[in-house]
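Q: I have a structure here, written as structure tokens, and I will follow up with some questions on it.
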Amino acid sequence: MTQRLKVILADFLQQADLVLLGLCCAATLYGMALIASATHFLTPAPDRMMRYVGVQGMALVIGIFAYIFMSVLDLDAVMKRWKWLVVFNIVFIGLLLTPLGVGKSTTGNQAWLALPFLPFQIGPAEVVKITFTLLLAKQLAWLREEKNDLKSFPAALSVGGHALALIGYYTVISGDMGNALTFFFIFLFMAFVAGFALRWFVLLLGGGAAAAALVWTLELLPGYIQGRFRVIFDHSYDVQGAGWQQTRSLLAIGSGGVFGQGYMSGLQTQSAESTNLPARRTDLIFSVCGEELGLVGCLLIMILLAAIIFRVLLVARRAETSFSCYVCVGIAAMLIYQTVINIGMCLFIMPVIGVTLPFFSYGGSSIVTLFTAMGVVSGIKMRSALLDRRNRYKR
């Protein structure tokens with residue numbers, strides 16, 4: 001057993017994507033430093049601050065082990081039992097309806113599970129993003145390789161039906177629009193790269209736009225959701241309500257200038273009033289960086305995230321199978337969507353829909369699942385390198 005572990009570890013060190021792991025660790029450690037500052041105002045400061053940083057650090061350690069495990073896992077063998085992943089998605093999301101489900105009564109969202117064996121709450125959507133990406137990649141690869149059909153209406157209906165069924169199921173149970181839209185963006189990005197006919201995207205987006213316009217006109221959305229969208233187009237609308245978070249966020253970023261007010265010295269970040277900069281350790285962690293570390297600190301965040309996304313797409317480009325390529329594309333889509341939406345929220349150009357900044361926002365389950373997803377990418381790189389080596393020997 002010990003010898004087997006040594007062989008696995010040696011293979012990991014030789015073939016895994018250690019650059020990607022290093023980038024993810026750097027981003028997480030940077031995020032932990034920002035979380036420490038964002039929670040420094042809490043009293044008693046050392047205890048509360050170290051609690052949040054400690055949870056994030058524990059998640060980082062677990063995440064590294066998850067990265068190693070997923071790197072050496074035989075993904076093809078797992079996907080032979082794809083039906084179990086479908087069952088897992090249905091059951092895991094369904095747990096939100098049990099006493100384990102917790103949420104915020106003020107918004108009606110119930111998107112978290114309080115599992116007794118974990119020190120932090122876990123969002124089923126975080127885990128299902130990975131399994132959904134794997135299942136969708138397998139479906140796309142099957143249509144391309146076995147059926148040679150990515151243009152017909154039945155093919156588009158099967159893939160679109162798969163995605164929309166999961167999105168609808170999750171939205172009805174959780175009420176969480178932010179993660180529901182993440183699933184939708186993953187589906188769009190993967191279907192586009194796979195080569196679906198452009199007419200199906202036009203039909204889908206056109207129908208979606210018409211449906212959204214109808215829902216808005218008939219005022220079928222809850223008032224607080226309508227307010228979050230309305231304030232984007234009119235920053236003076238409901239400044240004390242729907243626009244409060246983003247108004248404070250923009251003020252914090254703007255006051256930071258080029259180099260910021262200094263680490264743990266931000267006027268709003270260190271304010272004892274939590275309402276001065278709401279959700280500063282989660283949704284608005286980018287604003288904390290902008291106020292205390294300025295433009296330079298914000299650019300470093302974007303460079304790290306861009307490097308991670310580029311690395312994932314590089315693995316996708318070099319993947320030996322279409323399935324592996326689509327998996328990497330889906331994971332990259334998840335990172336792109338969350339990064340753009342979160343930073344857009346902080347800059348007051350996107351609505352507040354509860355999307356966190358990957359690797360930087362506080363959240364133990366988010367860190368673990370992100371490292372798990374990156375481990376999947378690393379495993380694809382390892383297997384692609386192995387297949388390439390075998391093909392060279394055959395020649």
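Here, A, B, ... name the chains of the structure tokens in the order displayed, residue numbers run from 1 inside each chain, and ligands are numbered from 1 in the same displayed order.
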Skip A:Arg144 itself and residues of its chain fewer than 4 positions away, then list as a PyMOL selection string all residues within 10 Å of it, counting only C-alpha atoms.

A: chain A and resi 138-140+148-151+155+194-196+322-323

Q: Go ahead and save the picked residues with all heavy atoms, as a short mmCIF file (atom, residue, chain, number, x, y, z; two decimals), in the first residue's frame.

A:
```
data_model
loop_
_atom_site.label_atom_id
_atom_site.label_comp_id
_atom_site.auth_asym_id
_atom_site.auth_seq_id
_atom_site.Cartn_x
_atom_site.Cartn_y
_atom_site.Cartn_z
N LYS A 138 -19.73 14.57 -21.53
CA LYS A 138 -19.93 13.21 -22.04
C LYS A 138 -21.04 13.18 -23.09
O LYS A 138 -20.90 12.51 -24.13
CB LYS A 138 -20.27 12.26 -20.90
CG LYS A 138 -20.45 10.81 -21.35
CD LYS A 138 -20.63 9.87 -20.20
CE LYS A 138 -20.79 8.44 -20.70
NZ LYS A 138 -19.59 7.94 -21.42
N GLN A 139 -22.11 13.91 -22.85
CA GLN A 139 -23.21 13.96 -23.81
C GLN A 139 -22.77 14.60 -25.12
O GLN A 139 -23.08 14.10 -26.21
CB GLN A 139 -24.38 14.75 -23.20
CG GLN A 139 -25.64 14.74 -24.05
CD GLN A 139 -26.78 15.49 -23.40
OE1 GLN A 139 -26.56 16.33 -22.51
NE2 GLN A 139 -27.99 15.22 -23.83
N LEU A 140 -22.03 15.69 -25.05
CA LEU A 140 -21.55 16.37 -26.26
C LEU A 140 -20.57 15.48 -27.03
O LEU A 140 -20.62 15.41 -28.26
CB LEU A 140 -20.89 17.69 -25.88
CG LEU A 140 -21.82 18.80 -25.40
CD1 LEU A 140 -21.02 19.95 -24.80
CD2 LEU A 140 -22.70 19.32 -26.53
N ASN A 148 -22.24 11.63 -34.62
CA ASN A 148 -21.81 12.61 -35.63
C ASN A 148 -22.92 13.62 -35.92
O ASN A 148 -23.23 13.92 -37.07
CB ASN A 148 -21.39 11.89 -36.91
CG ASN A 148 -20.62 12.81 -37.85
OD1 ASN A 148 -20.00 13.79 -37.41
ND2 ASN A 148 -20.68 12.53 -39.14
N ASP A 149 -23.52 14.12 -34.84
CA ASP A 149 -24.70 14.98 -34.99
C ASP A 149 -24.67 16.08 -33.93
O ASP A 149 -25.01 15.84 -32.77
CB ASP A 149 -25.98 14.15 -34.87
CG ASP A 149 -27.23 15.00 -34.99
OD1 ASP A 149 -27.12 16.14 -35.50
OD2 ASP A 149 -28.31 14.54 -34.60
N LEU A 150 -24.26 17.27 -34.33
CA LEU A 150 -24.33 18.44 -33.45
C LEU A 150 -25.10 19.57 -34.10
O LEU A 150 -25.07 20.70 -33.62
CB LEU A 150 -22.91 18.92 -33.09
CG LEU A 150 -22.13 18.06 -32.08
CD1 LEU A 150 -20.71 18.57 -31.96
CD2 LEU A 150 -22.81 18.05 -30.73
N LYS A 151 -25.77 19.29 -35.19
CA LYS A 151 -26.47 20.32 -35.94
C LYS A 151 -27.98 20.19 -35.89
O LYS A 151 -28.70 21.18 -36.04
CB LYS A 151 -26.03 20.29 -37.42
CG LYS A 151 -24.52 20.41 -37.64
CD LYS A 151 -24.00 21.79 -37.29
CE LYS A 151 -22.51 21.91 -37.61
NZ LYS A 151 -21.96 23.23 -37.26
N ALA A 155 -30.60 16.83 -31.51
CA ALA A 155 -29.36 16.96 -30.75
C ALA A 155 -29.38 18.20 -29.86
O ALA A 155 -29.04 18.16 -28.68
CB ALA A 155 -28.16 17.01 -31.70
N ALA A 194 -18.33 23.06 -28.77
CA ALA A 194 -18.56 21.76 -29.38
C ALA A 194 -18.96 21.88 -30.85
O ALA A 194 -18.72 20.97 -31.64
CB ALA A 194 -19.64 21.01 -28.61
N GLY A 195 -19.55 23.01 -31.23
CA GLY A 195 -19.87 23.23 -32.63
C GLY A 195 -21.34 23.16 -32.99
O GLY A 195 -21.69 22.88 -34.14
N PHE A 196 -22.22 23.45 -32.03
CA PHE A 196 -23.64 23.48 -32.35
C PHE A 196 -23.95 24.58 -33.35
O PHE A 196 -23.28 25.61 -33.38
CB PHE A 196 -24.47 23.69 -31.08
CG PHE A 196 -24.90 22.40 -30.43
CD1 PHE A 196 -24.10 21.80 -29.47
CD2 PHE A 196 -26.08 21.78 -30.79
CE1 PHE A 196 -24.48 20.61 -28.89
CE2 PHE A 196 -26.47 20.60 -30.21
CZ PHE A 196 -25.67 20.00 -29.25
N SER A 322 -12.22 14.68 -27.20
CA SER A 322 -13.21 15.77 -27.17
C SER A 322 -13.85 15.87 -25.80
O SER A 322 -14.15 16.98 -25.33
CB SER A 322 -14.27 15.55 -28.25
OG SER A 322 -14.88 14.28 -28.12
N PHE A 323 -14.08 14.73 -25.14
CA PHE A 323 -14.65 14.77 -23.78
C PHE A 323 -13.78 15.58 -22.85
O PHE A 323 -14.26 16.46 -22.12
CB PHE A 323 -14.81 13.34 -23.25
CG PHE A 323 -15.08 13.26 -21.77
CD1 PHE A 323 -16.33 13.61 -21.26
CD2 PHE A 323 -14.09 12.86 -20.89
CE1 PHE A 323 -16.57 13.56 -19.89
CE2 PHE A 323 -14.32 12.80 -19.53
CZ PHE A 323 -15.57 13.15 -19.03
#
```

Q: Need the shell around A:Val368: protein/DNA/RNA residues with any atom at most 7 Å away, counting only C-alpha atoms. Skip same-chain ones fewer than 3 positions apart. Format as a list in words?

A: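 After dropping sequence-adjacent residues, the list is Ala59, Leu60, Ile62, Gly63, Gly364, Ser365, Phe371 and Thr372 of chain A.
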
Q: When you look at A:Cys328 with a cut-off of 12 Å (counting only C-alpha atoms), what residues show up, excluding the ones that are within fewer than 4 positions of it in the same chain? I need them as a PyMOL selection string.

A: chain A and resi 130+133-134+136-137+186+189-190+193+308-324+332-335+373-381

Q: Work out how far atom CA of A:Leu293 is from atom CA of A:Gly262, in Å to one decimal.

A: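 Going from atom CA of A:Gly262 over to atom CA of A:Leu293, I get 6.0 Å.
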
Q: I need the alpha helix (DSSP H) residues of stretch 5-54 of chain A per DSSP on the backbone, written as a PyMOL selection string.

A: chain A and resi 5-15+18-38+45-54

Q: Smallest atom-to-atom distance to A:Gly344: which of A:Ile301, A:Leu284, A:Met177, A:Val327, using only C-alpha atoms?

A: A:Leu284

Q: Could you give me, as a tab-separated table, every stretch 49-126 of chain A residue with an atom at most 10 Å from stretch 161-168 of chain A, plus its closest atom pair and distance in Å to one decimal, counting only C-alpha atoms, rows ordered by chain then number?

A:
```
residue	atom	partner	partner_atom	distance
A:Val86	CA	A:Leu166	CA	9.9
A:Asn89	CA	A:Leu166	CA	8.5
A:Ile90	CA	A:Leu166	CA	8.3
A:Ile93	CA	A:Leu166	CA	9.6
```

Q: Need to verify the contact set: A:Thr275, 10 Å, only C-alpha atoms, exclusion of same-chain residues closer than 5 positions in sequence. Can you return it as a tab-separated table (two decimals) with all heavy atoms, in the first residue's frame?

A:
```
chain	number	residue	atom	x	y	z
A	244	TRP	N	-27.59	50.00	-2.36
A	244	TRP	CA	-26.71	50.32	-1.25
A	244	TRP	C	-25.36	49.59	-1.35
A	244	TRP	O	-24.30	50.20	-1.23
A	244	TRP	CB	-27.38	50.00	0.07
A	244	TRP	CG	-26.50	50.24	1.27
A	244	TRP	CD1	-25.88	49.32	2.05
A	244	TRP	CD2	-26.14	51.52	1.81
A	244	TRP	NE1	-25.16	49.92	3.04
A	244	TRP	CE2	-25.30	51.27	2.91
A	244	TRP	CE3	-26.44	52.83	1.47
A	244	TRP	CZ2	-24.76	52.30	3.68
A	244	TRP	CZ3	-25.91	53.86	2.24
A	244	TRP	CH2	-25.09	53.59	3.33
A	245	GLN	N	-25.40	48.28	-1.54
A	245	GLN	CA	-24.16	47.51	-1.58
A	245	GLN	C	-23.21	48.03	-2.64
A	245	GLN	O	-22.01	48.24	-2.40
A	245	GLN	CB	-24.46	46.03	-1.84
A	245	GLN	CG	-25.10	45.30	-0.68
A	245	GLN	CD	-25.15	43.80	-0.91
A	245	GLN	OE1	-24.24	43.21	-1.46
A	245	GLN	NE2	-26.22	43.17	-0.48
A	248	ARG	N	-21.72	51.59	-2.00
A	248	ARG	CA	-20.62	51.54	-1.04
A	248	ARG	C	-19.38	50.89	-1.66
A	248	ARG	O	-18.25	51.29	-1.41
A	248	ARG	CB	-21.03	50.78	0.22
A	248	ARG	CG	-22.29	51.28	0.90
A	248	ARG	CD	-22.25	52.75	1.20
A	248	ARG	NE	-21.18	53.14	2.11
A	248	ARG	CZ	-20.96	54.38	2.52
A	248	ARG	NH1	-21.72	55.37	2.07
A	248	ARG	NH2	-19.97	54.63	3.36
A	268	GLN	N	-13.72	52.19	4.96
A	268	GLN	CA	-14.95	51.40	5.03
A	268	GLN	C	-14.67	49.97	5.48
A	268	GLN	O	-15.44	49.38	6.25
A	268	GLN	CB	-15.65	51.39	3.66
A	268	GLN	CG	-16.29	52.70	3.29
A	268	GLN	CD	-17.26	52.51	2.14
A	268	GLN	OE1	-18.43	52.15	2.33
A	268	GLN	NE2	-16.78	52.75	0.93
A	280	ARG	N	-18.39	42.15	2.98
A	280	ARG	CA	-17.02	42.49	2.58
A	280	ARG	C	-16.10	41.28	2.51
A	280	ARG	O	-15.08	41.32	1.83
A	280	ARG	CB	-16.45	43.56	3.52
A	280	ARG	CG	-16.35	43.18	4.96
A	280	ARG	CD	-15.96	44.38	5.84
A	280	ARG	NE	-17.09	45.27	6.09
A	280	ARG	CZ	-17.06	46.26	6.98
A	280	ARG	NH1	-15.96	46.50	7.69
A	280	ARG	NH2	-18.12	47.03	7.18
```

Q: Pick from A:Thr131, A:Gln246, A:Thr356, A:Ser366: nearest to A:Gly178, with only C-alpha atoms counted?

A: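 Of the candidates, the smallest distance to A:Gly178 is held by A:Thr356.
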
Q: If we count only C-alpha atoms and set the cut-off at 12 Å, which residues sit around A:Leu203, ignoring sequence neighbours fewer than 5 positions away in its own chain? Please answer as a PyMOL selection string.

A: chain A and resi 153+156-157+160+197-198+208-211

Q: Pick from A:Pro278, A:Pro124, A:Gly266, A:Gly256: nearest to A:Thr369, with only C-alpha atoms counted?

A: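 Using only C-alpha atoms, the shortest distance to A:Thr369 belongs to A:Pro124.
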